[in-house]
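The structure file final.txt is reproduced below (compact mmCIF, C-alpha atoms).
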# COMPACT_ATOMS: atom_id res chain seq x y z
CA LYS A 1259 0.00 0.00 0.00
CA ALA A 1260 1.54 3.28 -1.08
CA GLY A 1261 2.14 5.93 1.55
CA VAL A 1262 1.34 9.62 1.45
CA THR A 1263 2.83 11.12 -1.70
CA GLN A 1264 3.84 14.74 -1.93
CA THR A 1265 4.98 16.53 -5.05
CA PRO A 1266 7.23 18.18 -5.86
CA ARG A 1267 9.94 17.10 -3.42
CA TYR A 1268 11.88 20.34 -3.76
CA LEU A 1269 10.84 23.76 -4.96
CA ILE A 1270 12.66 27.05 -5.35
CA LYS A 1271 10.67 30.26 -5.77
CA THR A 1272 11.32 33.96 -5.49
CA ARG A 1273 9.57 36.47 -3.28
CA GLY A 1274 6.19 37.56 -4.55
CA GLN A 1275 5.53 34.40 -6.53
CA GLN A 1276 2.88 31.87 -5.67
CA VAL A 1277 3.25 28.14 -5.28
CA THR A 1278 0.99 25.08 -5.28
CA LEU A 1279 1.92 21.89 -3.46
CA SER A 1280 0.22 18.57 -4.03
CA CYS A 1281 -0.60 15.69 -1.71
CA SER A 1282 -2.02 12.27 -2.47
CA PRO A 1283 -3.20 10.51 0.70
CA ILE A 1284 -3.03 6.81 1.39
CA SER A 1285 -5.70 5.00 -0.59
CA GLY A 1286 -8.96 5.04 1.35
CA HIS A 1287 -7.94 7.90 3.63
CA ARG A 1288 -10.36 10.78 3.58
CA SER A 1289 -8.74 13.26 5.98
CA VAL A 1290 -5.75 15.36 4.92
CA SER A 1291 -3.83 17.78 7.12
CA TRP A 1292 -1.01 20.16 6.28
CA TYR A 1293 1.84 21.21 8.54
CA GLN A 1294 4.72 23.64 8.17
CA GLN A 1295 8.07 22.60 9.62
CA THR A 1296 10.86 25.12 10.22
CA PRO A 1297 13.96 24.95 12.45
CA GLY A 1298 12.74 27.92 14.47
CA GLN A 1299 9.03 27.24 14.84
CA GLY A 1300 8.98 23.47 14.64
CA LEU A 1301 5.85 21.77 13.33
CA GLN A 1302 2.85 24.02 13.00
CA PHE A 1303 -0.63 23.07 11.87
CA LEU A 1304 -1.91 24.77 8.73
CA PHE A 1305 -5.29 23.20 7.99
CA GLU A 1306 -7.24 19.98 7.82
CA TYR A 1307 -9.70 18.75 5.19
CA PHE A 1308 -12.26 16.01 5.22
CA SER A 1309 -14.59 15.24 2.33
CA GLU A 1310 -13.58 18.42 0.53
CA THR A 1311 -14.43 20.59 3.55
CA GLN A 1312 -11.95 22.50 5.67
CA ARG A 1313 -12.50 21.39 9.27
CA ASN A 1314 -9.71 23.16 11.09
CA LYS A 1315 -7.38 26.01 10.34
CA GLY A 1316 -4.20 27.09 12.10
CA ASN A 1317 -2.90 30.58 12.75
CA PHE A 1318 -1.50 31.37 9.35
CA PRO A 1319 -2.25 34.39 7.16
CA GLY A 1320 -4.78 34.20 4.35
CA ARG A 1321 -1.95 33.81 1.84
CA PHE A 1322 -2.01 30.15 2.81
CA SER A 1323 -4.95 28.26 1.41
CA GLY A 1324 -5.84 24.73 0.55
CA ARG A 1325 -8.44 22.53 -0.97
CA GLN A 1326 -9.37 18.89 -1.21
CA PHE A 1327 -10.77 17.11 -4.23
CA SER A 1328 -13.41 14.41 -4.43
CA ASN A 1329 -10.69 11.74 -4.67
CA SER A 1330 -9.24 13.05 -1.35
CA ARG A 1331 -6.15 14.47 -3.03
CA SER A 1332 -5.25 17.85 -1.63
CA GLU A 1333 -3.39 20.94 -2.69
CA MET A 1334 -2.13 23.87 -0.72
CA ASN A 1335 -1.35 27.24 -2.21
CA VAL A 1336 0.81 30.04 -0.91
CA SER A 1337 0.46 33.37 -2.63
CA THR A 1338 2.82 36.33 -2.54
CA LEU A 1339 5.68 34.29 -1.14
CA GLU A 1340 7.86 35.75 1.60
CA LEU A 1341 11.34 34.69 2.67
CA GLY A 1342 9.87 33.38 5.91
CA ASP A 1343 7.74 30.90 4.00
CA SER A 1344 10.84 28.80 3.37
CA ALA A 1345 10.04 25.54 5.11
CA LEU A 1346 9.29 21.86 4.79
CA TYR A 1347 5.58 21.47 4.09
CA LEU A 1348 4.22 18.18 5.31
CA CYS A 1349 0.98 16.54 4.35
CA ALA A 1350 -0.57 13.87 6.52
CA SER A 1351 -3.56 11.64 5.98
CA SER A 1352 -5.79 9.54 8.17
CA LEU A 1353 -8.69 7.22 7.62
CA GLY A 1354 -11.46 9.27 9.12
CA ILE A 1355 -12.43 12.58 10.50
CA PHE A 1356 -10.56 12.51 13.81
CA SER A 1357 -7.04 12.70 12.47
CA GLY A 1358 -4.32 12.09 15.02
CA THR A 1359 -6.61 10.73 17.71
CA ALA A 1360 -6.39 7.37 19.40
CA ASN A 1361 -8.65 5.88 16.75
CA GLU A 1362 -7.18 7.59 13.74
CA LYS A 1363 -3.45 7.34 13.18
CA LEU A 1364 -1.84 10.13 11.21
CA PHE A 1365 0.53 9.17 8.40
CA PHE A 1366 2.92 11.81 7.09
CA GLY A 1367 4.46 12.18 3.67
CA SER A 1368 8.13 13.10 3.20
CA GLY A 1369 7.21 16.71 2.51
CA THR A 1370 7.95 19.40 -0.02
CA GLN A 1371 11.01 21.51 0.77
CA LEU A 1372 10.20 25.06 -0.32
CA SER A 1373 12.96 27.64 -0.60
CA VAL A 1374 12.02 31.25 -1.19
CA LEU A 1375 14.83 33.44 -2.51
CA GLN B 694 1.62 30.53 22.23
CA GLN B 695 3.61 27.35 22.71
CA GLN B 696 1.22 24.94 24.35
CA VAL B 697 3.61 21.99 24.43
CA LYS B 698 7.15 22.54 25.67
CA GLN B 699 9.76 19.87 24.96
CA SER B 700 13.22 19.38 26.41
CA PRO B 701 16.07 18.91 25.84
CA GLN B 702 16.56 20.25 22.32
CA SER B 703 19.24 17.66 21.74
CA LEU B 704 20.91 14.82 23.54
CA ILE B 705 23.74 12.41 22.97
CA VAL B 706 23.64 8.95 24.48
CA GLN B 707 25.92 5.97 24.23
CA LYS B 708 24.69 2.75 22.66
CA GLY B 709 22.82 0.77 25.28
CA GLY B 710 22.01 3.84 27.33
CA ILE B 711 18.65 5.42 28.17
CA SER B 712 17.34 8.45 26.31
CA ILE B 713 14.81 10.57 28.18
CA ILE B 714 12.77 13.34 26.59
CA ASN B 715 10.33 15.46 28.56
CA CYS B 716 7.25 17.41 27.55
CA ALA B 717 4.91 19.70 29.43
CA TYR B 718 1.55 20.93 28.24
CA GLU B 719 -0.73 23.76 29.27
CA ASN B 720 -4.13 22.95 27.83
CA THR B 721 -5.99 20.63 30.22
CA ALA B 722 -8.40 19.78 27.40
CA PHE B 723 -5.68 17.73 25.69
CA ASP B 724 -6.42 14.06 26.11
CA TYR B 725 -4.26 12.24 23.59
CA PHE B 726 -0.47 12.43 23.60
CA PRO B 727 1.47 10.84 20.72
CA TRP B 728 5.19 10.76 20.09
CA TYR B 729 6.58 10.95 16.59
CA GLN B 730 9.99 9.93 15.25
CA GLN B 731 11.47 11.72 12.27
CA PHE B 732 14.51 10.70 10.26
CA PRO B 733 16.29 13.17 7.95
CA GLY B 734 14.45 13.58 4.68
CA LYS B 735 11.34 11.85 5.98
CA GLY B 736 8.09 12.90 7.55
CA PRO B 737 7.32 12.16 11.20
CA ALA B 738 6.07 8.65 11.97
CA LEU B 739 3.91 7.72 14.94
CA LEU B 740 6.01 5.91 17.53
CA ILE B 741 3.79 5.47 20.56
CA ALA B 742 0.85 7.29 22.15
CA ILE B 743 -0.90 7.51 25.50
CA ARG B 744 -4.21 8.64 26.96
CA PRO B 745 -4.24 10.44 30.35
CA ASP B 746 -6.14 7.65 32.07
CA VAL B 747 -2.95 5.57 31.92
CA SER B 748 0.25 6.49 33.77
CA GLU B 749 2.60 4.43 31.64
CA LYS B 750 2.65 2.70 28.28
CA LYS B 751 5.41 0.49 26.95
CA GLU B 752 6.03 -0.72 23.43
CA GLY B 753 9.28 -2.60 23.02
CA ARG B 754 12.14 -0.35 24.06
CA PHE B 755 9.93 2.76 24.11
CA THR B 756 7.99 3.82 27.22
CA ILE B 757 5.78 6.84 27.83
CA SER B 758 5.32 8.02 31.40
CA PHE B 759 2.41 10.36 32.04
CA ASN B 760 1.80 12.64 35.05
CA LYS B 761 -1.62 14.21 34.69
CA SER B 762 -1.42 16.39 37.82
CA ALA B 763 1.87 17.89 36.70
CA LYS B 764 0.75 18.09 33.07
CA GLN B 765 3.93 16.38 32.00
CA PHE B 766 4.81 13.33 29.98
CA SER B 767 8.06 11.78 28.91
CA LEU B 768 9.52 9.30 26.47
CA HIS B 769 12.14 6.81 27.60
CA ILE B 770 14.16 4.92 25.01
CA MET B 771 15.77 1.94 26.70
CA ASP B 772 18.88 0.23 25.34
CA SER B 773 19.31 3.03 22.80
CA GLN B 774 20.67 1.94 19.41
CA PRO B 775 22.40 3.94 16.65
CA GLY B 776 19.29 3.35 14.52
CA ASP B 777 17.30 5.36 17.09
CA SER B 778 19.22 8.48 16.09
CA ALA B 779 16.44 10.77 14.92
CA THR B 780 14.38 13.78 15.95
CA TYR B 781 11.57 13.03 18.35
CA PHE B 782 8.46 15.15 18.71
CA CYS B 783 5.88 14.98 21.44
CA ALA B 784 2.41 16.18 20.56
CA ALA B 785 -1.00 16.69 22.11
CA THR B 786 -4.54 16.94 20.87
CA LYS B 787 -8.12 16.64 21.93
CA ALA B 788 -9.44 13.21 21.01
CA ALA B 789 -12.74 14.71 19.93
CA GLY B 790 -11.01 15.69 16.74
CA ASN B 791 -8.56 18.50 16.41
CA LYS B 792 -5.18 19.49 15.16
CA LEU B 793 -1.96 18.17 16.67
CA THR B 794 0.07 20.63 18.72
CA PHE B 795 3.72 19.61 18.58
CA GLY B 796 6.60 20.20 20.95
CA GLY B 797 9.75 21.75 19.55
CA GLY B 798 11.52 18.44 18.94
CA THR B 799 14.56 16.69 20.40
CA ARG B 800 17.43 15.57 18.23
CA VAL B 801 18.80 12.31 19.62
CA LEU B 802 22.21 10.99 18.63
CA VAL B 803 23.15 7.50 19.77
CA LYS B 804 26.89 6.91 19.62
CA PRO B 805 28.10 3.38 18.90

Structure encoded using structure tokens:
Amino acid sequence: KAGVTQTPRYLIKTRGQQVTLSCSPISGHRSVSWYQQTPGQGLQFLFEYFSETQRNKGNFPGRFSGRQFSNSRSEMNVSTLELGDSALYLCASSLGIFSGTANEKLFFGSGTQLSVL
Amino acid sequence: QQQVKQSPQSLIVQKGGISIINCAYENTAFDYFPWYQQFPGKGPALLIAIRPDVSEKKEGRFTISFNKSAKQFSLHIMDSQPGDSATYFCAATKAAGNKLTFGGGTRVLVKP
């Protein structure tokens, strides 16, 4: 069974540009969450989707957005990139709606390393 | 606001030794506490988790100790092996369905 797949693996952008990251969850998983990982801030929650609906959102500016498709695949978009957006963006999937809880294990992809120059 | 504080930031242990990582949380609504292990170039992977109605949980060489009154929990890695060298994250969430709040991470290096 394939794991969580994130594309691209690496991305280099310049300030002001926008970027779209893609995530394919484990087959059968319907919940997708996104996290930002940086050396200074650690792992921070961006948002969570279930059945194409955003269920939770973290404390990030509106430049960060996401969506989920009917096949559970998800994309996140960052507009007007800033230097501080350089980070590893991790996607995680779980079977049902309560991602990360005792009944719903969270499986992470290897991430997309975004560098903003 | 950092709701889960993790220490130390890094630690070095000899092969066969015990690695101990501590976490403290603030939100008393948290009721599920997982630990994740992350190797370079990979995403975090669930290692072990505990609910606050249990004071200790052991899986192989990994043990979580939980102190609800102190709002603290810790991970013990017994008989540490070089293959355990990784970054470990504690986390907390409300089991009713919510985002994971992670600690800052601990980089563990096990020397052969």

**Message:** Within 12 Å of chain B, which residues belong to chain A? Use only C-alpha atoms and report them as a ChimeraX atom specification.
**Reply:** /A:1261-1264,1267-1268,1289-1308,1312-1317,1346-1352,1354-1371

Surrounding residues of A:Gln1326 excluding itself and chain neighbours under 2 positions, 9 Å, all atoms listed in the file, as a short mmCIF file (atom, residue, chain, number, x, y, z; two decimals) with C-alpha atoms, in the frame of the given file:
data_model
loop_
_atom_site.label_atom_id
_atom_site.label_comp_id
_atom_site.auth_asym_id
_atom_site.auth_seq_id
_atom_site.Cartn_x
_atom_site.Cartn_y
_atom_site.Cartn_z
CA VAL A 1290 -5.75 15.36 4.92
CA TYR A 1307 -9.70 18.75 5.19
CA PHE A 1308 -12.26 16.01 5.22
CA SER A 1309 -14.59 15.24 2.33
CA GLU A 1310 -13.58 18.42 0.53
CA THR A 1311 -14.43 20.59 3.55
CA GLN A 1312 -11.95 22.50 5.67
CA GLY A 1324 -5.84 24.73 0.55
CA SER A 1328 -13.41 14.41 -4.43
CA ASN A 1329 -10.69 11.74 -4.67
CA SER A 1330 -9.24 13.05 -1.35
CA ARG A 1331 -6.15 14.47 -3.03
CA SER A 1332 -5.25 17.85 -1.63
CA GLU A 1333 -3.39 20.94 -2.69
CA MET A 1334 -2.13 23.87 -0.72
#

**Prompt:** In Å, how far is it from atom CA of A:Leu1339 to atom CA of B:Thr780?
**Reply:** 28.1 Å

**Request:** Tell me, in Å to one decimal, how far atom CA of B:Val803 is from atom CA of B:Val706.
**Result:** 5.0 Å

**Request:** Counting all atoms listed in the file, figure out which residue out of A:Ser1323, A:Ser1280, A:Ser1285, A:Thr1272 gets nearest to A:Ser1344.
**Result:**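 With all atoms listed in the file as the atom set, the closest residue is A:Thr1272.
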
Hey, can I get the axis-aligned box for stretch 749-765 of chain B? All listed atoms, 3 Å padding on each side, centre and edge lengths in Å to one decimal, as AutoDock Vina command-line options.
--center_x 5.3 --center_y 7.7 --center_z 30.4 --size_x 19.8 --size_y 26.7 --size_z 20.8

**Request:** Counting all atoms listed in the file, note down every residue that has an atom within 12 Å of the point (12.0, 32.7, -2.8) (file coordinates), as a list of chain:residue names.
**Result:**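 Within the cut-off we find A:Leu1269, A:Ile1270, A:Lys1271, A:Thr1272, A:Arg1273, A:Gly1274, A:Gln1275, A:Gln1276, A:Val1277, A:Val1336, A:Ser1337, A:Thr1338, A:Leu1339, A:Glu1340, A:Leu1341, A:Gly1342, A:Asp1343, A:Ser1344, A:Ala1345, A:Gln1371, A:Leu1372, A:Ser1373, A:Val1374, A:Leu1375.
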
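You will find atom CA of B:Ala763 at 9.0 Å from atom CA of B:Tyr718.
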
**Message:** For stretch 748-752 of chain B, find every residue with an atom within 12 Å (counting all atoms listed in the file), except residues of its own chain fewer than 5 positions away, and show them as a list of chain:residue names.
**Reply:**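 Residues meeting the cut-off are B:Phe726, B:Pro727, B:Trp728, B:Leu740, B:Ile741, B:Ala742, B:Ile743, B:Ile757, B:Ser758, B:Phe759, B:Asn760, B:Lys761, B:Ser762, B:Ala763, B:Lys764, B:Gln765, B:Phe766, B:Ser767, B:Leu768, B:His769, B:Ile770, B:Met771.
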
**Prompt:** Counting all atoms listed in the file, what is within 6 Å of B:Ser773, bar same-chain residues fewer than 6 positions away, as a list in words?
**Reply:**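 Everything that qualifies: Lys708, Gly709, Gly710 and Ile711 of chain B.
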
Starting from the sparse input, extend stretch 1269-1298 of chain A to N, CA and C atoms and give the output as a short mmCIF file (atom, residue, chain, number, x, y, z; two decimals), in the coordinates of the input.
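Contents of the output file out_24.cif:
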data_model
loop_
_atom_site.label_atom_id
_atom_site.label_comp_id
_atom_site.auth_asym_id
_atom_site.auth_seq_id
_atom_site.Cartn_x
_atom_site.Cartn_y
_atom_site.Cartn_z
N LEU A 1269 11.37 22.64 -4.19
CA LEU A 1269 10.84 23.76 -4.96
C LEU A 1269 11.60 25.03 -4.59
N ILE A 1270 12.00 25.77 -5.59
CA ILE A 1270 12.66 27.05 -5.35
C ILE A 1270 11.84 28.14 -6.03
N LYS A 1271 11.46 29.15 -5.26
CA LYS A 1271 10.67 30.26 -5.77
C LYS A 1271 11.31 31.57 -5.32
N THR A 1272 10.85 32.64 -5.91
CA THR A 1272 11.32 33.96 -5.49
C THR A 1272 10.19 34.71 -4.80
N ARG A 1273 10.55 35.67 -4.01
CA ARG A 1273 9.57 36.47 -3.28
C ARG A 1273 8.51 37.03 -4.22
N GLY A 1274 7.28 37.01 -3.76
CA GLY A 1274 6.19 37.56 -4.55
C GLY A 1274 5.48 36.54 -5.43
N GLN A 1275 6.17 35.43 -5.71
CA GLN A 1275 5.53 34.40 -6.53
C GLN A 1275 4.52 33.62 -5.70
N GLN A 1276 3.79 32.76 -6.38
CA GLN A 1276 2.88 31.87 -5.67
C GLN A 1276 3.29 30.43 -5.98
N VAL A 1277 2.86 29.52 -5.12
CA VAL A 1277 3.25 28.14 -5.28
C VAL A 1277 2.08 27.22 -4.91
N THR A 1278 2.00 26.09 -5.59
CA THR A 1278 0.99 25.08 -5.28
C THR A 1278 1.68 23.75 -5.00
N LEU A 1279 1.36 23.17 -3.87
CA LEU A 1279 1.92 21.89 -3.46
C LEU A 1279 0.83 20.84 -3.49
N SER A 1280 1.20 19.63 -3.85
CA SER A 1280 0.22 18.57 -4.03
C SER A 1280 0.44 17.43 -3.05
N CYS A 1281 -0.66 16.81 -2.65
CA CYS A 1281 -0.60 15.69 -1.71
C CYS A 1281 -1.61 14.62 -2.11
N SER A 1282 -1.13 13.40 -2.23
CA SER A 1282 -2.02 12.27 -2.47
C SER A 1282 -2.02 11.40 -1.22
N PRO A 1283 -3.16 11.29 -0.55
CA PRO A 1283 -3.20 10.51 0.70
C PRO A 1283 -3.14 9.02 0.43
N ILE A 1284 -2.98 8.27 1.50
CA ILE A 1284 -3.03 6.81 1.39
C ILE A 1284 -4.41 6.43 0.87
N SER A 1285 -4.43 5.43 0.00
CA SER A 1285 -5.70 5.00 -0.59
C SER A 1285 -6.72 4.67 0.50
N GLY A 1286 -7.90 5.27 0.38
CA GLY A 1286 -8.96 5.04 1.35
C GLY A 1286 -9.02 6.08 2.45
N HIS A 1287 -7.95 6.85 2.61
CA HIS A 1287 -7.94 7.90 3.63
C HIS A 1287 -8.71 9.11 3.12
N ARG A 1288 -9.52 9.67 3.99
CA ARG A 1288 -10.36 10.78 3.58
C ARG A 1288 -10.00 12.10 4.26
N SER A 1289 -9.14 12.04 5.28
CA SER A 1289 -8.74 13.26 5.98
C SER A 1289 -7.30 13.62 5.60
N VAL A 1290 -7.09 14.87 5.27
CA VAL A 1290 -5.75 15.36 4.92
C VAL A 1290 -5.45 16.60 5.74
N SER A 1291 -4.27 16.62 6.35
CA SER A 1291 -3.83 17.78 7.12
C SER A 1291 -2.52 18.28 6.55
N TRP A 1292 -2.26 19.56 6.72
CA TRP A 1292 -1.01 20.16 6.28
C TRP A 1292 -0.31 20.80 7.47
N TYR A 1293 1.02 20.63 7.49
CA TYR A 1293 1.84 21.21 8.54
C TYR A 1293 3.04 21.90 7.90
N GLN A 1294 3.49 22.95 8.57
CA GLN A 1294 4.72 23.64 8.17
C GLN A 1294 5.80 23.31 9.19
N GLN A 1295 6.97 22.90 8.72
CA GLN A 1295 8.07 22.60 9.62
C GLN A 1295 9.25 23.51 9.32
N THR A 1296 9.69 24.26 10.32
CA THR A 1296 10.86 25.12 10.22
C THR A 1296 11.75 24.89 11.43
N PRO A 1297 13.06 25.14 11.31
CA PRO A 1297 13.96 24.95 12.45
C PRO A 1297 13.57 25.83 13.63
N GLY A 1298 13.04 27.00 13.38
CA GLY A 1298 12.74 27.92 14.47
C GLY A 1298 11.38 27.69 15.12
#
